[in-house]
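Q: Here you go, final_4.cif (mmCIF, N, CA and C atoms):
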data_start
loop_
_atom_site.label_atom_id
_atom_site.label_comp_id
_atom_site.auth_asym_id
_atom_site.auth_seq_id
_atom_site.Cartn_x
_atom_site.Cartn_y
_atom_site.Cartn_z
N MET A 1 79.53 243.95 -161.61
CA MET A 1 80.25 243.09 -160.70
C MET A 1 81.75 243.30 -160.83
N THR A 2 82.21 243.45 -162.06
CA THR A 2 83.65 243.65 -162.26
C THR A 2 84.11 244.95 -161.63
N THR A 3 83.23 245.95 -161.60
CA THR A 3 83.60 247.23 -161.01
C THR A 3 83.88 247.08 -159.52
N LYS A 4 83.03 246.33 -158.82
CA LYS A 4 83.24 246.12 -157.38
C LYS A 4 84.54 245.37 -157.12
N ILE A 5 84.81 244.38 -157.92
CA ILE A 5 86.06 243.62 -157.77
C ILE A 5 87.25 244.52 -158.08
N GLY A 6 87.14 245.32 -159.13
CA GLY A 6 88.23 246.24 -159.48
C GLY A 6 88.52 247.23 -158.38
N PHE A 7 87.46 247.82 -157.80
CA PHE A 7 87.68 248.77 -156.71
C PHE A 7 88.26 248.07 -155.49
N SER A 8 87.88 246.83 -155.23
CA SER A 8 88.45 246.08 -154.12
C SER A 8 89.94 245.83 -154.32
N ILE A 9 90.32 245.52 -155.55
CA ILE A 9 91.73 245.30 -155.86
C ILE A 9 92.51 246.60 -155.70
N ILE A 10 91.94 247.72 -156.14
CA ILE A 10 92.60 249.01 -155.99
C ILE A 10 92.80 249.34 -154.51
N ILE A 11 91.76 249.13 -153.71
CA ILE A 11 91.86 249.42 -152.28
C ILE A 11 92.92 248.54 -151.62
N ALA A 12 92.99 247.28 -152.02
CA ALA A 12 94.02 246.40 -151.47
C ALA A 12 95.42 246.90 -151.81
N GLY A 13 95.60 247.40 -153.03
CA GLY A 13 96.90 247.95 -153.42
C GLY A 13 97.25 249.19 -152.62
N VAL A 14 96.26 250.05 -152.38
CA VAL A 14 96.51 251.26 -151.60
C VAL A 14 96.83 250.92 -150.14
N VAL A 15 96.13 249.94 -149.59
CA VAL A 15 96.41 249.50 -148.22
C VAL A 15 97.83 248.94 -148.13
N LEU A 16 98.23 248.18 -149.12
CA LEU A 16 99.58 247.62 -149.13
C LEU A 16 100.63 248.72 -149.21
N ILE A 17 100.37 249.76 -150.00
CA ILE A 17 101.30 250.90 -150.05
C ILE A 17 101.36 251.58 -148.68
N GLY A 18 100.20 251.72 -148.04
CA GLY A 18 100.18 252.32 -146.70
C GLY A 18 100.96 251.50 -145.68
N LEU A 19 100.81 250.19 -145.74
CA LEU A 19 101.57 249.32 -144.83
C LEU A 19 103.07 249.42 -145.10
N ARG A 20 103.41 249.54 -146.36
CA ARG A 20 104.83 249.69 -146.73
C ARG A 20 105.37 251.02 -146.23
N ALA A 21 104.57 252.09 -146.34
CA ALA A 21 104.99 253.40 -145.88
C ALA A 21 105.16 253.44 -144.37
N ALA A 22 104.34 252.67 -143.66
CA ALA A 22 104.43 252.63 -142.21
C ALA A 22 105.49 251.64 -141.72
N ASN A 23 106.22 251.03 -142.63
CA ASN A 23 107.27 250.05 -142.32
C ASN A 23 106.73 248.81 -141.62
N TRP A 24 105.48 248.47 -141.85
CA TRP A 24 104.95 247.24 -141.31
C TRP A 24 105.24 246.08 -142.25
N VAL A 25 105.42 246.40 -143.51
CA VAL A 25 105.81 245.41 -144.51
C VAL A 25 107.16 245.86 -145.05
N ASP A 26 108.15 245.00 -144.92
CA ASP A 26 109.49 245.38 -145.33
C ASP A 26 109.94 244.49 -146.49
N SER A 27 109.38 244.77 -147.65
CA SER A 27 109.71 243.98 -148.83
C SER A 27 109.52 244.85 -150.07
N GLU A 28 110.48 244.79 -150.95
CA GLU A 28 110.33 245.52 -152.21
C GLU A 28 109.29 244.85 -153.10
N MET A 29 109.05 243.58 -152.87
CA MET A 29 108.01 242.88 -153.62
C MET A 29 106.64 243.49 -153.32
N ALA A 30 106.46 244.00 -152.10
CA ALA A 30 105.20 244.64 -151.74
C ALA A 30 104.96 245.87 -152.61
N ASP A 31 106.02 246.61 -152.94
CA ASP A 31 105.88 247.77 -153.82
C ASP A 31 105.38 247.34 -155.20
N ILE A 32 105.99 246.30 -155.72
CA ILE A 32 105.62 245.81 -157.05
C ILE A 32 104.19 245.30 -157.06
N VAL A 33 103.84 244.51 -156.05
CA VAL A 33 102.49 243.94 -155.99
C VAL A 33 101.45 245.03 -155.82
N SER A 34 101.73 246.03 -155.01
CA SER A 34 100.74 247.09 -154.79
C SER A 34 100.50 247.89 -156.06
N VAL A 35 101.55 248.21 -156.79
CA VAL A 35 101.37 248.96 -158.04
C VAL A 35 100.64 248.12 -159.07
N LEU A 36 100.99 246.85 -159.18
CA LEU A 36 100.30 245.97 -160.12
C LEU A 36 98.83 245.80 -159.75
N ALA A 37 98.54 245.73 -158.45
CA ALA A 37 97.15 245.61 -158.01
C ALA A 37 96.35 246.84 -158.42
N ILE A 38 96.93 248.01 -158.24
CA ILE A 38 96.23 249.24 -158.61
C ILE A 38 95.99 249.28 -160.11
N VAL A 39 96.98 248.89 -160.90
CA VAL A 39 96.83 248.91 -162.36
C VAL A 39 95.80 247.89 -162.82
N VAL A 40 95.85 246.69 -162.29
CA VAL A 40 94.90 245.65 -162.69
C VAL A 40 93.48 246.04 -162.27
N GLY A 41 93.35 246.60 -161.07
CA GLY A 41 92.04 247.05 -160.62
C GLY A 41 91.49 248.16 -161.50
N ALA A 42 92.35 249.08 -161.88
CA ALA A 42 91.91 250.18 -162.76
C ALA A 42 91.50 249.64 -164.13
N LEU A 43 92.21 248.67 -164.63
CA LEU A 43 91.83 248.06 -165.92
C LEU A 43 90.48 247.36 -165.82
N ALA A 44 90.25 246.67 -164.71
CA ALA A 44 88.96 245.99 -164.53
C ALA A 44 87.82 246.99 -164.49
N VAL A 45 88.02 248.10 -163.80
CA VAL A 45 86.98 249.13 -163.74
C VAL A 45 86.77 249.75 -165.12
N ALA A 46 87.85 250.01 -165.83
CA ALA A 46 87.74 250.62 -167.16
C ALA A 46 87.04 249.70 -168.15
N ILE A 47 87.35 248.43 -168.12
CA ILE A 47 86.72 247.47 -169.03
C ILE A 47 85.24 247.37 -168.74
N ASP A 48 84.87 247.30 -167.47
CA ASP A 48 83.46 247.21 -167.11
C ASP A 48 82.73 248.50 -167.48
N GLY A 49 83.39 249.63 -167.32
CA GLY A 49 82.78 250.90 -167.71
C GLY A 49 82.57 250.98 -169.21
N GLU A 50 83.49 250.47 -169.97
CA GLU A 50 83.36 250.47 -171.43
C GLU A 50 82.18 249.59 -171.86
N GLU A 51 82.03 248.44 -171.23
CA GLU A 51 80.90 247.57 -171.54
C GLU A 51 79.58 248.24 -171.19
N ALA A 52 79.55 248.96 -170.08
CA ALA A 52 78.33 249.66 -169.68
C ALA A 52 78.00 250.75 -170.68
N ASP A 53 79.01 251.44 -171.19
CA ASP A 53 78.77 252.47 -172.20
C ASP A 53 78.19 251.88 -173.47
N GLN A 54 78.64 250.72 -173.85
CA GLN A 54 78.16 250.09 -175.09
C GLN A 54 76.70 249.66 -174.96
N THR A 55 76.29 249.23 -173.78
CA THR A 55 74.93 248.73 -173.62
C THR A 55 73.92 249.86 -173.46
N THR A 56 74.36 251.04 -173.05
CA THR A 56 73.43 252.15 -172.85
C THR A 56 73.43 253.15 -174.00
N ARG A 57 74.28 252.94 -174.98
CA ARG A 57 74.36 253.84 -176.11
C ARG A 57 73.11 253.69 -176.98
N PRO A 58 72.48 254.80 -177.36
CA PRO A 58 71.27 254.69 -178.20
C PRO A 58 71.61 254.12 -179.58
N LYS A 59 70.69 253.34 -180.10
CA LYS A 59 70.90 252.74 -181.41
C LYS A 59 70.36 253.69 -182.47
N HIS A 60 71.12 253.87 -183.52
CA HIS A 60 70.72 254.75 -184.62
C HIS A 60 69.95 253.96 -185.66
N ARG A 61 68.88 254.56 -186.15
CA ARG A 61 68.12 253.95 -187.22
C ARG A 61 68.65 254.43 -188.56
N GLU A 62 68.76 253.54 -189.47
CA GLU A 62 69.27 253.92 -190.79
C GLU A 62 68.21 253.76 -191.84
#
Kindly transcribe the structure held in the file into structure tokens.
A:
Amino acid sequence: MTTKIGFSIIIAGVVLIGLRAANWVDSEMADIVSVLAIVVGALAVAIDGEEADQTTRPKHRE
């Protein structure tokens, strides 16, 4: 679930960068928000991926 939310946040950041590039949004705050959205989305995807790796890792017998 976190992966879907993370990718949605990343896409929103990319769309905001696109709107800024097309001069539809004229605010430097949009630049900051779009970069932060991409970073936060990437962190959400990475954290969820790490949890998935931990649950599928084979257990070693000692």
Q: Could you please determine the separation between atom CA of A:Glu28 and atom CA of A:Leu43 in Å, to one decimal place?
A: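 Spanning atom CA of A:Glu28 to atom CA of A:Leu43 is a straight-line distance of 23.2 Å.
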Q: On this file, the PyMOL selection byres ((chain A and resi 34) around 8) gives some set of residues; write that set as a ChimeraX atom specification.
A: /A:10,12-17,28-33,35-40
Q: Just the selected residues (N, CA and C atoms), exported as a short mmCIF file (atom, residue, chain, number, x, y, z; two decimals), in the coordinates of the input, please.
A:
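Contents of part30.cif, as written:
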data_model
loop_
_atom_site.label_atom_id
_atom_site.label_comp_id
_atom_site.auth_asym_id
_atom_site.auth_seq_id
_atom_site.Cartn_x
_atom_site.Cartn_y
_atom_site.Cartn_z
N ILE A 10 91.94 247.72 -156.14
CA ILE A 10 92.60 249.01 -155.99
C ILE A 10 92.80 249.34 -154.51
N ALA A 12 92.99 247.28 -152.02
CA ALA A 12 94.02 246.40 -151.47
C ALA A 12 95.42 246.90 -151.81
N GLY A 13 95.60 247.40 -153.03
CA GLY A 13 96.90 247.95 -153.42
C GLY A 13 97.25 249.19 -152.62
N VAL A 14 96.26 250.05 -152.38
CA VAL A 14 96.51 251.26 -151.60
C VAL A 14 96.83 250.92 -150.14
N VAL A 15 96.13 249.94 -149.59
CA VAL A 15 96.41 249.50 -148.22
C VAL A 15 97.83 248.94 -148.13
N LEU A 16 98.23 248.18 -149.12
CA LEU A 16 99.58 247.62 -149.13
C LEU A 16 100.63 248.72 -149.21
N ILE A 17 100.37 249.76 -150.00
CA ILE A 17 101.30 250.90 -150.05
C ILE A 17 101.36 251.58 -148.68
N GLU A 28 110.48 244.79 -150.95
CA GLU A 28 110.33 245.52 -152.21
C GLU A 28 109.29 244.85 -153.10
N MET A 29 109.05 243.58 -152.87
CA MET A 29 108.01 242.88 -153.62
C MET A 29 106.64 243.49 -153.32
N ALA A 30 106.46 244.00 -152.10
CA ALA A 30 105.20 244.64 -151.74
C ALA A 30 104.96 245.87 -152.61
N ASP A 31 106.02 246.61 -152.94
CA ASP A 31 105.88 247.77 -153.82
C ASP A 31 105.38 247.34 -155.20
N ILE A 32 105.99 246.30 -155.72
CA ILE A 32 105.62 245.81 -157.05
C ILE A 32 104.19 245.30 -157.06
N VAL A 33 103.84 244.51 -156.05
CA VAL A 33 102.49 243.94 -155.99
C VAL A 33 101.45 245.03 -155.82
N VAL A 35 101.55 248.21 -156.79
CA VAL A 35 101.37 248.96 -158.04
C VAL A 35 100.64 248.12 -159.07
N LEU A 36 100.99 246.85 -159.18
CA LEU A 36 100.30 245.97 -160.12
C LEU A 36 98.83 245.80 -159.75
N ALA A 37 98.54 245.73 -158.45
CA ALA A 37 97.15 245.61 -158.01
C ALA A 37 96.35 246.84 -158.42
N ILE A 38 96.93 248.01 -158.24
CA ILE A 38 96.23 249.24 -158.61
C ILE A 38 95.99 249.28 -160.11
N VAL A 39 96.98 248.89 -160.90
CA VAL A 39 96.83 248.91 -162.36
C VAL A 39 95.80 247.89 -162.82
N VAL A 40 95.85 246.69 -162.29
CA VAL A 40 94.90 245.65 -162.69
C VAL A 40 93.48 246.04 -162.27
#
Q: What does the distance from atom C of A:Gly18 to atom C of A:Ile5 come to in Å, to one decimal?
A: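 Answer for the atom C of A:Gly18 to atom C of A:Ile5 separation: 19.8 Å.
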Q: Quick check, in Å to one decimal: how far apart do atom C of A:Ile11 and atom C of A:Gly49 lie?
A: 20.6 Å
Q: Which residues fall under the PyMOL selection byres ((chain A and resi 6) around 6.5) in this file, as a PyMOL selection string?
A: chain A and resi 1-5+7-11+40-42+44-45
